[in-house]
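Printed here is work23.csv (CSV, C-alpha atoms):
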```csv
chain,number,residue,atom,x,y,z
A,1,ILE,CA,48.0,-15.5,-11.4
A,2,ALA,CA,46.5,-18.7,-12.7
A,3,GLY,CA,43.2,-19.6,-11.0
A,4,HIS,CA,43.0,-16.2,-9.2
A,5,SER,CA,40.0,-13.9,-9.8
A,6,CYS,CA,40.5,-10.3,-8.7
A,7,GLY,CA,37.3,-8.9,-7.1
A,8,ARG,CA,38.5,-5.3,-6.9
A,9,TYR,CA,36.4,-4.1,-9.9
A,10,LYS,CA,33.3,-5.8,-8.6
A,11,GLU,CA,33.8,-4.2,-5.1
A,12,GLN,CA,34.2,-0.8,-6.7
A,13,GLU,CA,31.1,-1.4,-8.7
A,14,LYS,CA,29.2,-2.4,-5.6
A,15,SER,CA,30.4,0.7,-3.7
A,16,ALA,CA,29.4,2.9,-6.6
A,17,GLU,CA,25.9,1.4,-6.6
A,18,ARG,CA,25.6,1.9,-2.9
A,19,ALA,CA,26.7,5.5,-3.1
A,20,LYS,CA,24.2,6.2,-5.8
A,21,ARG,CA,21.4,4.6,-3.8
A,22,ASP,CA,22.4,6.6,-0.7
A,23,LEU,CA,22.5,9.8,-2.6
A,24,TYR,CA,19.0,9.1,-4.1
A,25,ARG,CA,17.7,8.3,-0.7
A,26,TYR,CA,19.1,11.5,0.8
A,27,MET,CA,17.8,13.7,-2.0
A,28,HIS,CA,14.3,12.2,-1.6
A,29,TYR,CA,14.1,13.1,2.1
A,30,HIS,CA,15.8,16.4,1.7
A,31,ASN,CA,13.5,17.4,-1.1
A,32,ARG,CA,10.4,16.5,0.9
A,33,TYR,CA,11.8,18.4,3.9
A,34,LYS,CA,12.6,21.5,1.8
A,35,ALA,CA,9.1,21.3,0.1
A,36,HIS,CA,7.4,21.7,3.4
A,37,THR,CA,9.8,24.4,4.8
A,38,ASP,CA,9.3,26.3,1.5
A,39,SER,CA,5.5,25.9,1.8
A,40,PHE,CA,5.7,27.2,5.4
A,41,LYS,CA,7.5,30.3,4.2
A,42,LEU,CA,4.9,30.9,1.5
A,43,GLU,CA,1.9,30.2,3.7
A,44,SER,CA,3.3,32.6,6.4
A,45,LYS,CA,2.5,35.4,4.0
A,46,LEU,CA,-1.2,34.3,4.1
A,47,LYS,CA,-1.5,35.7,7.6
A,48,GLY,CA,-1.7,39.3,6.4
A,49,LEU,CA,-3.9,38.4,3.4
A,50,ILE,CA,-6.3,36.5,5.6
A,51,GLN,CA,-6.5,39.3,8.1
A,52,GLY,CA,-7.6,41.6,5.3
A,53,LYS,CA,-10.3,39.1,4.2
A,54,ILE,CA,-11.5,38.9,7.8
A,55,THR,CA,-11.8,42.7,8.1
A,56,VAL,CA,-13.8,42.9,4.9
A,57,SER,CA,-16.0,40.0,6.0
A,58,GLU,CA,-16.6,41.5,9.5
A,59,GLU,CA,-17.7,44.7,7.9
A,60,LYS,CA,-20.2,42.9,5.7
A,61,SER,CA,-21.5,40.9,8.6
A,62,ALA,CA,-22.0,44.1,10.6
A,63,GLU,CA,-24.0,45.6,7.8
A,64,ARG,CA,-26.2,42.5,7.6
A,65,LYS,CA,-26.4,42.2,11.4
A,66,ASN,CA,-25.5,38.5,11.1
A,67,SER,CA,-24.1,37.5,14.5
A,68,GLU,CA,-23.1,34.0,13.4
A,69,LEU,CA,-20.5,35.4,11.0
A,70,ARG,CA,-19.0,38.0,13.3
A,71,ASP,CA,-16.6,35.6,14.8
A,72,TYR,CA,-13.8,34.6,12.4
A,73,SER,CA,-11.5,32.9,15.0
A,74,TRP,CA,-12.0,29.6,13.0
A,75,VAL,CA,-9.9,31.1,10.2
A,76,HIS,CA,-7.1,32.0,12.6
A,77,ASN,CA,-7.3,28.6,14.2
A,78,GLY,CA,-7.1,26.9,10.9
A,79,LEU,CA,-4.1,28.9,9.9
A,80,SER,CA,-2.3,28.1,13.2
A,81,ARG,CA,-3.0,24.5,12.6
A,82,LEU,CA,-1.5,24.7,9.2
A,83,PHE,CA,1.7,26.4,10.4
A,84,ARG,CA,2.2,23.8,13.2
A,85,SER,CA,1.5,20.9,10.8
A,86,ARG,CA,4.0,22.1,8.3
A,87,ARG,CA,6.7,22.2,10.9
A,88,VAL,CA,5.8,18.7,12.1
A,89,LEU,CA,5.8,17.4,8.5
A,90,SER,CA,9.1,18.8,7.6
A,91,HIS,CA,10.7,17.3,10.7
A,92,SER,CA,9.0,14.0,10.1
A,93,TYR,CA,11.1,13.6,6.9
A,94,ALA,CA,14.3,14.3,8.8
A,95,PHE,CA,13.3,11.7,11.4
A,96,ALA,CA,12.4,9.1,8.8
A,97,PHE,CA,15.8,9.6,7.1
A,98,TYR,CA,17.6,8.5,10.2
A,99,MET,CA,15.1,6.1,11.6
A,100,PHE,CA,15.0,3.9,8.5
A,101,GLY,CA,18.6,4.4,7.3
A,102,ASP,CA,21.8,2.4,8.2
A,103,GLU,CA,23.3,5.0,10.5
A,104,LEU,CA,21.5,4.5,13.8
A,105,PHE,CA,19.3,1.4,14.1
A,106,LYS,CA,20.8,-1.0,11.6
A,107,GLU,CA,21.5,-3.6,14.3
A,108,GLU,CA,18.2,-3.0,16.1
A,109,MET,CA,15.9,-4.2,13.2
A,110,SER,CA,16.0,-6.8,10.5
A,111,GLU,CA,15.3,-5.8,7.0
A,112,ALA,CA,11.8,-7.2,7.2
A,113,GLU,CA,11.0,-5.4,10.5
A,114,ARG,CA,12.4,-2.1,9.0
A,115,GLU,CA,10.2,-2.4,6.0
A,116,ILE,CA,7.1,-3.1,8.1
A,117,LYS,CA,7.8,-0.1,10.4
A,118,GLN,CA,8.6,2.2,7.5
A,119,ASN,CA,5.4,1.3,5.7
A,120,LEU,CA,3.4,1.9,8.9
A,121,PHE,CA,5.0,5.3,9.4
A,122,GLU,CA,4.7,6.4,5.8
A,123,ASP,CA,1.0,5.5,5.8
A,124,GLN,CA,0.5,7.8,8.8
A,125,GLN,CA,2.7,10.5,7.3
A,126,GLN,CA,0.9,10.4,3.9
A,127,GLN,CA,-2.6,10.7,5.5
A,128,PHE,CA,-1.4,13.6,7.5
A,129,GLU,CA,0.3,15.3,4.6
A,130,ALA,CA,-2.7,14.9,2.2
A,131,ASN,CA,-5.0,16.6,4.7
A,132,VAL,CA,-2.6,19.4,5.4
A,133,GLU,CA,-2.5,20.2,1.7
A,134,ARG,CA,-6.3,20.2,1.7
A,135,LEU,CA,-6.3,22.7,4.5
A,136,SER,CA,-3.8,24.9,2.8
A,137,LYS,CA,-5.9,25.1,-0.3
A,138,ILE,CA,-9.1,25.7,1.5
A,139,LEU,CA,-7.6,28.6,3.5
A,140,GLU,CA,-6.9,30.4,0.2
A,141,GLU,CA,-10.6,30.6,-0.6
A,142,PRO,CA,-11.8,34.2,-1.2
A,143,PHE,CA,-14.4,34.0,1.6
A,144,ASP,CA,-14.5,37.8,1.8
A,145,THR,CA,-16.2,37.9,-1.7
A,146,PHE,CA,-18.9,35.3,-0.8
A,147,GLU,CA,-22.3,36.9,-1.1
A,148,ASP,CA,-24.1,33.8,0.3
A,149,ASP,CA,-23.8,33.5,4.1
A,150,ALA,CA,-24.5,29.8,3.8
A,151,LYS,CA,-21.4,29.4,1.7
A,152,VAL,CA,-19.3,31.1,4.4
A,153,MET,CA,-20.8,28.9,7.1
A,154,ALA,CA,-20.1,25.8,5.0
A,155,LEU,CA,-16.4,26.9,4.6
A,156,ARG,CA,-16.3,27.5,8.3
A,157,MET,CA,-17.4,23.9,9.1
A,158,GLU,CA,-15.0,22.5,6.6
A,159,ILE,CA,-12.0,24.3,8.1
A,160,ILE,CA,-13.0,23.4,11.7
A,161,ASN,CA,-13.6,19.7,10.8
A,162,LEU,CA,-10.4,19.5,8.8
A,163,SER,CA,-8.4,21.1,11.5
A,164,THR,CA,-9.7,18.6,14.0
A,165,LEU,CA,-8.9,15.7,11.7
A,166,ILE,CA,-5.4,17.0,11.2
A,167,ASP,CA,-4.9,17.4,14.9
A,168,GLY,CA,-5.9,13.8,15.4
A,169,LEU,CA,-3.7,12.5,12.6
A,170,CYS,CA,-0.7,14.4,14.0
A,171,LYS,CA,-1.3,12.9,17.4
A,172,LYS,CA,-1.6,9.5,15.8
A,173,MET,CA,1.8,9.9,14.1
A,174,TYR,CA,3.4,11.0,17.3
A,175,GLU,CA,2.1,7.9,19.0
A,176,CYS,CA,3.4,5.7,16.1
A,177,ILE,CA,6.9,7.2,16.6
A,178,GLU,CA,6.8,6.8,20.4
A,179,ASN,CA,5.2,3.3,20.6
A,180,ASP,CA,5.6,1.5,17.4
A,181,LEU,CA,9.0,2.8,16.2
A,182,LEU,CA,11.1,3.9,19.1
A,183,GLY,CA,9.3,1.9,21.8
A,184,SER,CA,10.2,-1.4,20.2
A,185,ILE,CA,13.9,-0.6,19.9
A,186,ASN,CA,16.3,-1.6,22.7
A,187,LEU,CA,17.2,1.8,23.9
A,188,GLY,CA,16.4,1.1,27.6
A,189,SER,CA,14.3,4.0,28.8
A,190,ILE,CA,16.0,6.6,26.7
A,191,HIS,CA,13.6,7.1,23.9
A,192,SER,CA,11.0,9.7,25.0
A,193,ILE,CA,10.0,12.3,22.5
A,194,ALA,CA,8.4,15.6,23.4
A,195,PRO,CA,4.7,14.8,24.1
A,196,TYR,CA,2.1,15.9,21.5
A,197,LYS,CA,0.0,18.9,22.4
A,198,SER,CA,-2.9,20.1,20.3
A,199,LYS,CA,-1.9,23.7,20.6
A,200,GLY,CA,1.9,23.2,20.4
A,201,ILE,CA,4.8,21.0,21.2
A,202,GLU,CA,6.7,20.9,24.5
A,203,ARG,CA,10.3,21.6,24.2
A,204,ALA,CA,12.6,18.7,25.1
A,205,SER,CA,14.0,20.6,28.1
A,206,GLU,CA,10.5,20.7,29.6
A,207,LEU,CA,10.2,16.9,29.7
A,208,PRO,CA,9.9,15.5,33.3
A,209,VAL,CA,13.2,13.8,32.9
A,210,CYS,CA,15.4,15.0,30.1
A,211,PHE,CA,17.7,12.8,27.9
A,212,SER,CA,20.9,14.0,29.5
A,213,ASN,CA,19.7,13.2,33.0
A,214,LYS,CA,18.7,9.7,32.0
A,215,ALA,CA,22.0,9.1,30.3
A,216,SER,CA,24.0,10.3,33.3
A,217,ASN,CA,22.1,7.9,35.5
A,218,THR,CA,22.7,4.8,33.4
```

Whole structure given in structure tokens:
Amino acid sequence: IAGHSCGRYKEQEKSAERAKRDLYRYMHYHNRYKAHTDSFKLESKLKGLIQGKITVSEEKSAERKNSELRDYSWVHNGLSRLFRSRRVLSHSYAFAFYMFGDELFKEEMSEAEREIKQNLFEDQQQQFEANVERLSKILEEPFDTFEDDAKVMALRMEIINLSTLIDGLCKKMYECIENDLLGSINLGSIHSIAPYKSKGIERASELPVCFSNKASNT
């Protein structure tokens, strides 16, 4: 038809580009999620190895009569912090996939607002992630072979300090989700997440008012 330009090809090309972009985005978040779940599985095997190191170290401390090195709870605490942090990190990528995608909150944020919020969240996430990787590496140290007690004490302080730092970063990321991300979206009062606990996470069913109850009252 004279003067008529068919846009079908361009529309198909546009759809193909979007599908490619969506696939790339999905793979990014899926790969990060899987990386942390895989790390969690590998690090779970550390528990037995670390217990063996502790047994050897305790025997050495008893021989030296060094009371300062008889308590190795700091190793167990560091390992527990690592396990909890891995779970939080893996779930944080699933959260980000939906939070910053087009599926749920497209109408709640402008592109500029979404970019600002995503950068804020990813900054928190990356700080948290980097220190979790540091803790994972430090916990693999062969402290049972250290002949110098000062070296063991230095490792002890490093694990304690890093565990405390990670705890604070995890709490900060929770607060970012609750206040800066979900808190600014028009969801009424239905946006509470399980509150952060240093020694674990409350189940959603233990919240004072659960999601289903709030929904039924609106």

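When all atoms listed in the file are used to measure the gap to A:Met153, the shortest distance among A:Gln12, A:Arg70, A:Ser39, A:Gly48 belongs to A:Arg70.
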
query = Taking (15.6, 5.5, 13.2) in the file's coordinates as the center, which residues reach within 12 Å of it, counting all atoms listed in the file, put as a PyMOL selection string?
reply = chain A and resi 92-109+114-115+117-118+121+177-178+180-187+191

query = Mind pulling up the distance from atom CA of A:Asn119 to atom CA of A:Ser80?
reply = 28.9 Å

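As for atom CA of A:Val75 and atom CA of A:Ser90, they are spaced 22.8 Å apart.
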
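Picture a line from atom CA of A:Thr37 to atom CA of A:Arg21; it runs 24.5 Å.
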
ask   = From the list A:Tyr174, A:Trp74, A:Tyr196, A:Phe146, which residue is nearest A:Leu162 when using only C-alpha atoms?
value = A:Trp74

So that I can see what lies close to A:Ser136, please list as a tab-separated table (two decimals) with C-alpha atoms, keeping the file's coordinate frame the residues with an atom at most 10 Å from it, counting all atoms listed in the file and leaving out residues fewer than 4 positions away in the same chain.
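Okay, this is what ended up in around_5.tsv:
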```tsv
chain	number	residue	atom	x	y	z
A	39	SER	CA	5.50	25.90	1.80
A	43	GLU	CA	1.90	30.20	3.70
A	46	LEU	CA	-1.20	34.30	4.10
A	78	GLY	CA	-7.10	26.90	10.90
A	79	LEU	CA	-4.10	28.90	9.90
A	81	ARG	CA	-3.00	24.50	12.60
A	82	LEU	CA	-1.50	24.70	9.20
A	83	PHE	CA	1.70	26.40	10.40
A	86	ARG	CA	4.00	22.10	8.30
A	131	ASN	CA	-5.00	16.60	4.70
A	132	VAL	CA	-2.60	19.40	5.40
A	140	GLU	CA	-6.90	30.40	0.20
A	141	GLU	CA	-10.60	30.60	-0.60
A	159	ILE	CA	-12.00	24.30	8.10
```

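With distances restricted to only C-alpha atoms, A:His91 is the closest residue to A:His30 from A:His91, A:Ser198, A:Arg156, A:Lys137.
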
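For the choices A:Glu63, A:Glu17, A:Asp149, A:Glu129, the atom-to-atom distance to A:Cys170 is smallest for A:Glu129 when using all atoms listed in the file.
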